[in-house]
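To start, the structure itself, in structure tokens.
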Amino acid sequence: MDFLISAGDLAAAPVPPVLLDVRYKMGGPPGAGEYAKGHIPGARYVDLDAELASPPGAAGRHPLPDAEEFGAAMRRAGVSADSDVVVYDDWNGWGPARAWWLLRWAGHHRVKVLDGGLAAWRAAGLPLSTEEPPPGEGDFTPKPGGMPVLDAAGAAALARSGLLLDARAGERYRGEVEPIDAVAGHIPGAVNAPTTGNVTAEGTFLPAQALAARFTALGAAPGTEVGVYCGSGVSAAQEVLALAEAGITAALYPGSWSEWTASGLPVETGPSPL
């Protein structure tokens with residue numbers, strides 16, 4: 001598919017896209033400090049916790065943002081209805097995948113993720129800047145509904161009727177450790193598919209054929225309905241992106257494990273049902 005862009009292609013784009021720097025590390029400080037030390041020229045920083053999610057609560061640690069507030073954040077970042085947008089980070093692709101998913105959910109489909117992130121940009125010998133551009137003047141107006149979404153009931157049903165992937169690390173899925181949420185384990189019937197299996201050692205996504213083979217082996221046969229969750233709906237967006245690259249449409253459960261466990265719903269532990 002065509003949801004990724006290489007550093008070389010980004011640098012050579014005849015019309016520079018709107019660039020969003022979405023640096024986010026689970027449990028770490030906001031990425032604004034790292035952005036200030038150096039970013040792709042012209043990029044604006046977007047705070048995942050503040051602008052790509054609503055405040056944590058019963059709906060999980062990263063609920064979907066209010067559509068109007070999200071639209072305002074994207075307009076400040078320079079996004080217009082006719083903008084090409086490229087999003088990136090300096091970690092593992094979770095933050096930009098969240099922005100990619102949200103923009104598509106909100107009706108803006110001209111968005112790509114920089115494959116390999118800032119590391120790929122640096123490896124190509126391309127420049128960084130410490131100059132922060134002024135707030136943008138975009139005109140983007142969200143129209144939610146552009147991407148499939150699951151709630152808790154839908155996730156539970158899909159685990160029985162289709163394929164529900166748990167994108168967290170195996171030890172969290174199995175319930176051996178749980179460093180963040182109150183309960184360890186996974187949604188009954190879910191299959192473990194850690195996001196680390198979607199990328200190479202260099203942080204770029206596997207080729208589409210390799211991704212397709214991975215997800216087919218996990219049960220994503222033609223005609224099978226697929227959904228994804230994680231701890232709070234962030235890393236799962238990276239998995240939805242990987243599935244899209246493989247030609248597989250998948251729904252996201254935004255509340256994910258943080259909402260599921262807060263609701264007192266059934267929990268399984270142990271290895272994958274496969």
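By order in the structure tokens, chains are A, B, ...; within a chain, residues start at 1; ligands start at 1, following the order shown.
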request  = Assign secondary structure with DSSP using the backbone only, and return the residues of stretch 73-253 of chain A in strand (DSSP E) as a list in words.
outcome  = Val85, Val86, Val87, Tyr88, Val111, Lys112, Val113, Leu114, Leu163, Leu164, Leu165, Asp166, Val191, Asn192, Val226, Gly227, Val228, Tyr229, Ala250, Ala251 and Leu252 of chain A
Practice prompt. Show which residues sit within 7 Å of stretch 40-46 of chain A, as JSON, numbers by chain. Count only C-alpha atoms, and ignore same-chain residues fewer than 4 positions away.
Written response: {"A": [19, 20, 21, 22, 32, 35, 51, 77, 127, 128, 129, 132, 133]}
Distance criterion (only C-alpha atoms): nearest to A:Gly219 out of A:Leu252, A:Leu206, A:Ala182, A:Ala159: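 Comparing A:Leu252, A:Leu206, A:Ala182, A:Ala159 against A:Gly219, the winner is A:Ala159.
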Using only C-alpha atoms, find each residue of stretch 6-79 of chain A with at least one atom at most 9 Å away from an atom of stretch 227-235 of chain A; report its shortest atom-to-atom pair and that distance in Å (one decimal), sort the rows by chain and rising residue number, and return the result as JSON lines.
{"residue": "A:Gly60", "atom": "CA", "partner": "A:Ser232", "partner_atom": "CA", "distance": 6.1}
{"residue": "A:Arg61", "atom": "CA", "partner": "A:Ser232", "partner_atom": "CA", "distance": 5.4}
{"residue": "A:His62", "atom": "CA", "partner": "A:Ser232", "partner_atom": "CA", "distance": 5.5}
{"residue": "A:Pro63", "atom": "CA", "partner": "A:Ser232", "partner_atom": "CA", "distance": 7.6}
{"residue": "A:Leu64", "atom": "CA", "partner": "A:Gly233", "partner_atom": "CA", "distance": 8.7}
Exercise for the section: Would you mind reading off the distance between atom CA of A:Trp260 and atom CA of A:Leu150, one decimal, in Å? Expected result: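 Computing it gives 11.9 Å between the two atoms.
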Please list as JSON, numbers by chain every residue within 12 Å of A:Pro222, counting only C-alpha atoms and excluding residues in the same chain fewer than 3 positions away. {"A": [162, 163, 212, 215, 216, 217, 219, 225, 226, 246, 247, 248, 249]}
Selected residues written out, N, CA and C atoms, as a compact mmCIF listing (two decimals), in the first residue's frame:
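The result, stored in result.txt:
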# COMPACT_ATOMS: atom_id res chain seq x y z
N GLY A 162 -13.96 -13.15 14.88
CA GLY A 162 -12.92 -12.81 13.90
C GLY A 162 -11.55 -12.93 14.52
N LEU A 163 -10.74 -11.89 14.36
CA LEU A 163 -9.38 -11.88 14.88
C LEU A 163 -9.14 -10.57 15.62
N ALA A 212 2.16 -9.07 5.40
CA ALA A 212 0.99 -9.89 5.06
C ALA A 212 1.19 -11.33 5.53
N PHE A 215 0.69 -11.49 9.40
CA PHE A 215 -0.69 -11.41 9.87
C PHE A 215 -1.53 -12.59 9.39
N THR A 216 -1.21 -13.12 8.23
CA THR A 216 -1.91 -14.33 7.78
C THR A 216 -1.61 -15.49 8.72
N ALA A 217 -0.36 -15.61 9.16
CA ALA A 217 0.01 -16.68 10.09
C ALA A 217 -0.70 -16.51 11.43
N GLY A 219 -3.74 -15.44 11.69
CA GLY A 219 -5.17 -15.71 11.52
C GLY A 219 -5.93 -14.74 10.66
N GLU A 225 -12.64 -10.60 9.76
CA GLU A 225 -12.69 -9.26 10.33
C GLU A 225 -11.58 -9.15 11.38
N VAL A 226 -10.83 -8.06 11.34
CA VAL A 226 -9.67 -7.89 12.21
C VAL A 226 -9.82 -6.62 13.04
N ALA A 246 -0.10 -4.09 4.67
CA ALA A 246 -0.24 -5.46 4.19
C ALA A 246 -1.53 -5.66 3.39
N GLY A 247 -2.32 -4.61 3.26
CA GLY A 247 -3.56 -4.71 2.51
C GLY A 247 -4.73 -5.22 3.33
N ILE A 248 -4.63 -5.12 4.65
CA ILE A 248 -5.67 -5.64 5.55
C ILE A 248 -6.28 -4.47 6.32
N THR A 249 -7.59 -4.31 6.22
CA THR A 249 -8.29 -3.28 6.98
C THR A 249 -8.56 -3.80 8.39
Considering only C-alpha atoms, return as a tab-separated table (two decimals) with N, CA, C and O atoms, in the first residue's frame whatever protein or nucleic-acid residues lie within 8 Å of stretch 183-192 of chain A, sequence-local ones (same chain, fewer than 6 positions apart) excluded.
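Ended up saving to result-v2.tsv:
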chain	number	residue	atom	x	y	z
A	156	ALA	N	-14.89	-7.60	22.36
A	156	ALA	CA	-15.19	-8.92	22.92
A	156	ALA	C	-15.83	-9.81	21.86
A	156	ALA	O	-15.49	-11.00	21.74
A	159	ALA	N	-13.28	-10.93	19.17
A	159	ALA	CA	-12.35	-11.97	19.64
A	159	ALA	C	-12.96	-13.36	19.45
A	159	ALA	O	-12.23	-14.35	19.34
A	160	ARG	N	-14.28	-13.42	19.39
A	160	ARG	CA	-14.96	-14.71	19.18
A	160	ARG	C	-15.25	-14.98	17.71
A	160	ARG	O	-15.14	-16.12	17.26
A	163	LEU	N	-10.74	-11.89	14.36
A	163	LEU	CA	-9.38	-11.88	14.88
A	163	LEU	C	-9.14	-10.57	15.62
A	163	LEU	O	-9.15	-9.50	15.01
A	164	LEU	N	-8.94	-10.66	16.93
A	164	LEU	CA	-8.61	-9.49	17.75
A	164	LEU	C	-7.14	-9.62	18.14
A	164	LEU	O	-6.75	-10.55	18.84
A	165	LEU	N	-6.33	-8.67	17.68
A	165	LEU	CA	-4.89	-8.69	17.95
A	165	LEU	C	-4.56	-7.80	19.14
A	165	LEU	O	-5.04	-6.67	19.22
A	166	ASP	N	-3.73	-8.30	20.02
A	166	ASP	CA	-3.19	-7.55	21.15
A	166	ASP	C	-1.78	-7.13	20.77
A	166	ASP	O	-0.88	-7.97	20.62
A	167	ALA	N	-1.56	-5.82	20.62
A	167	ALA	CA	-0.29	-5.32	20.09
A	167	ALA	C	0.78	-5.13	21.15
A	167	ALA	O	1.88	-4.67	20.83
A	168	ARG	N	0.51	-5.49	22.41
A	168	ARG	CA	1.49	-5.28	23.48
A	168	ARG	C	2.56	-6.38	23.47
A	168	ARG	O	2.44	-7.40	22.82
A	169	ALA	N	3.59	-6.12	24.27
A	169	ALA	CA	4.65	-7.12	24.43
A	169	ALA	C	4.08	-8.42	24.99
A	169	ALA	O	3.09	-8.42	25.73
A	170	GLY	N	4.73	-9.52	24.66
A	170	GLY	CA	4.23	-10.83	25.05
A	170	GLY	C	4.06	-11.01	26.55
A	170	GLY	O	3.09	-11.62	27.01
A	172	ARG	N	3.34	-8.83	28.79
A	172	ARG	CA	2.14	-8.13	29.27
A	172	ARG	C	0.89	-8.89	28.84
A	172	ARG	O	-0.05	-9.05	29.62
A	173	TYR	N	0.87	-9.34	27.59
A	173	TYR	CA	-0.26	-10.13	27.11
A	173	TYR	C	-0.48	-11.36	27.97
A	173	TYR	O	-1.62	-11.67	28.37
A	174	ARG	N	0.59	-12.06	28.30
A	174	ARG	CA	0.45	-13.30	29.08
A	174	ARG	C	0.13	-13.04	30.55
A	174	ARG	O	-0.24	-13.97	31.28
A	175	GLY	N	0.25	-11.80	30.98
A	175	GLY	CA	-0.05	-11.46	32.37
A	175	GLY	C	1.10	-11.67	33.32
A	175	GLY	O	0.91	-11.69	34.53
A	176	GLU	N	2.31	-11.81	32.78
A	176	GLU	CA	3.48	-12.02	33.64
A	176	GLU	C	3.91	-10.73	34.33
A	176	GLU	O	4.42	-10.77	35.46
A	177	VAL	N	3.72	-9.60	33.67
A	177	VAL	CA	4.01	-8.29	34.24
A	177	VAL	C	2.93	-7.33	33.76
A	177	VAL	O	2.32	-7.54	32.71
A	218	LEU	N	-1.05	-15.27	11.78
A	218	LEU	CA	-1.76	-15.02	13.04
A	218	LEU	C	-3.26	-15.21	12.91
A	218	LEU	O	-3.98	-15.14	13.92
A	257	TRP	N	-6.72	-1.88	26.64
A	257	TRP	CA	-6.64	-2.58	27.92
A	257	TRP	C	-6.94	-1.66	29.10
A	257	TRP	O	-7.52	-2.08	30.10
A	260	TRP	N	-10.65	-1.50	29.27
A	260	TRP	CA	-11.19	-2.83	29.54
A	260	TRP	C	-11.06	-3.19	31.02
A	260	TRP	O	-12.03	-3.61	31.65
A	261	THR	N	-9.88	-3.00	31.56
A	261	THR	CA	-9.66	-3.39	32.96
A	261	THR	C	-10.36	-2.44	33.93
A	261	THR	O	-10.84	-2.87	34.98
A	266	PRO	N	-13.96	-9.43	31.84
A	266	PRO	CA	-13.20	-10.68	32.02
A	266	PRO	C	-11.78	-10.58	31.47
A	266	PRO	O	-11.52	-9.89	30.49
A	267	VAL	N	-10.87	-11.31	32.11
A	267	VAL	CA	-9.45	-11.29	31.77
A	267	VAL	C	-8.94	-12.71	31.61
A	267	VAL	O	-9.33	-13.61	32.35
A	268	GLU	N	-8.08	-12.89	30.62
A	268	GLU	CA	-7.35	-14.17	30.46
A	268	GLU	C	-5.87	-13.92	30.68
A	268	GLU	O	-5.37	-12.83	30.41
A	269	THR	N	-5.18	-14.94	31.11
A	269	THR	CA	-3.72	-14.90	31.19
A	269	THR	C	-3.17	-16.13	30.47
A	269	THR	O	-3.91	-17.05	30.12
A	270	GLY	N	-1.86	-16.12	30.28
A	270	GLY	CA	-1.24	-17.28	29.64
A	270	GLY	C	-0.95	-17.02	28.19
A	270	GLY	O	-1.12	-15.92	27.67
A	272	SER	N	-0.80	-17.32	23.92
A	272	SER	CA	-1.76	-17.07	22.85
A	272	SER	C	-2.61	-18.29	22.58
A	272	SER	O	-2.13	-19.43	22.67
A	273	PRO	N	-3.89	-18.08	22.23
A	273	PRO	CA	-4.74	-19.24	21.89
A	273	PRO	C	-4.28	-20.00	20.68
A	273	PRO	O	-4.69	-21.14	20.47
A	274	LEU	N	-3.38	-19.39	19.87
A	274	LEU	CA	-2.83	-20.15	18.75
A	274	LEU	C	-1.80	-21.16	19.24
A	274	LEU	O	-1.38	-22.03	18.52
What separation in Å, quoted to one decimal, exists between atom CA of A:Asp90 and atom CA of A:Arg23?
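Going from atom CA of A:Asp90 over to atom CA of A:Arg23, I get 6.2 Å.
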Q | Test item: residues at most 12 Å from A:Ser83, only C-alpha atoms, excluding those fewer than 4 positions along its chain, as a list in words | A |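 Answer for this query is Val15, Pro16, Pro17, Val18, Leu19, Met74, Arg75, Ala77, Gly78, Val79, Leu103, His108, His109, Arg110, Val111, Lys112, Gly136, Glu137, Gly138, Asp139 and Phe140 of chain A.
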Those same residues, written as a PDB file, in the first residue's frame with C-alpha atoms?
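Final file, again-v6.pdb:
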ATOM      1  CA  VAL A  15       5.760  20.577  -2.791  1.00  0.00           C
ATOM      2  CA  PRO A  16       6.749  20.312   0.874  1.00  0.00           C
ATOM      3  CA  PRO A  17       4.027  18.591   2.906  1.00  0.00           C
ATOM      4  CA  VAL A  18       2.799  19.713   6.287  1.00  0.00           C
ATOM      5  CA  LEU A  19       5.217  18.074   8.734  1.00  0.00           C
ATOM      6  CA  MET A  74      -4.400  20.275  13.337  1.00  0.00           C
ATOM      7  CA  ARG A  75      -5.223  23.748  12.037  1.00  0.00           C
ATOM      8  CA  ALA A  77      -0.184  22.636  12.899  1.00  0.00           C
ATOM      9  CA  GLY A  78      -0.987  23.931   9.418  1.00  0.00           C
ATOM     10  CA  VAL A  79      -3.257  21.158   8.155  1.00  0.00           C
ATOM     11  CA  LEU A 103      -6.352  12.184  10.678  1.00  0.00           C
ATOM     12  CA  HIS A 108      -8.127  13.504   6.086  1.00  0.00           C
ATOM     13  CA  HIS A 109      -6.595  10.679   4.069  1.00  0.00           C
ATOM     14  CA  ARG A 110      -3.611  12.471   2.509  1.00  0.00           C
ATOM     15  CA  VAL A 111      -1.270  11.541   5.332  1.00  0.00           C
ATOM     16  CA  LYS A 112       1.820   9.337   5.469  1.00  0.00           C
ATOM     17  CA  GLY A 136      -0.145  27.335  11.080  1.00  0.00           C
ATOM     18  CA  GLU A 137      -3.331  28.650   9.551  1.00  0.00           C
ATOM     19  CA  GLY A 138      -4.939  25.477   8.303  1.00  0.00           C
ATOM     20  CA  ASP A 139      -8.607  25.034   7.461  1.00  0.00           C
ATOM     21  CA  PHE A 140      -9.074  21.327   8.229  1.00  0.00           C
TER      22      PHE A 140
END
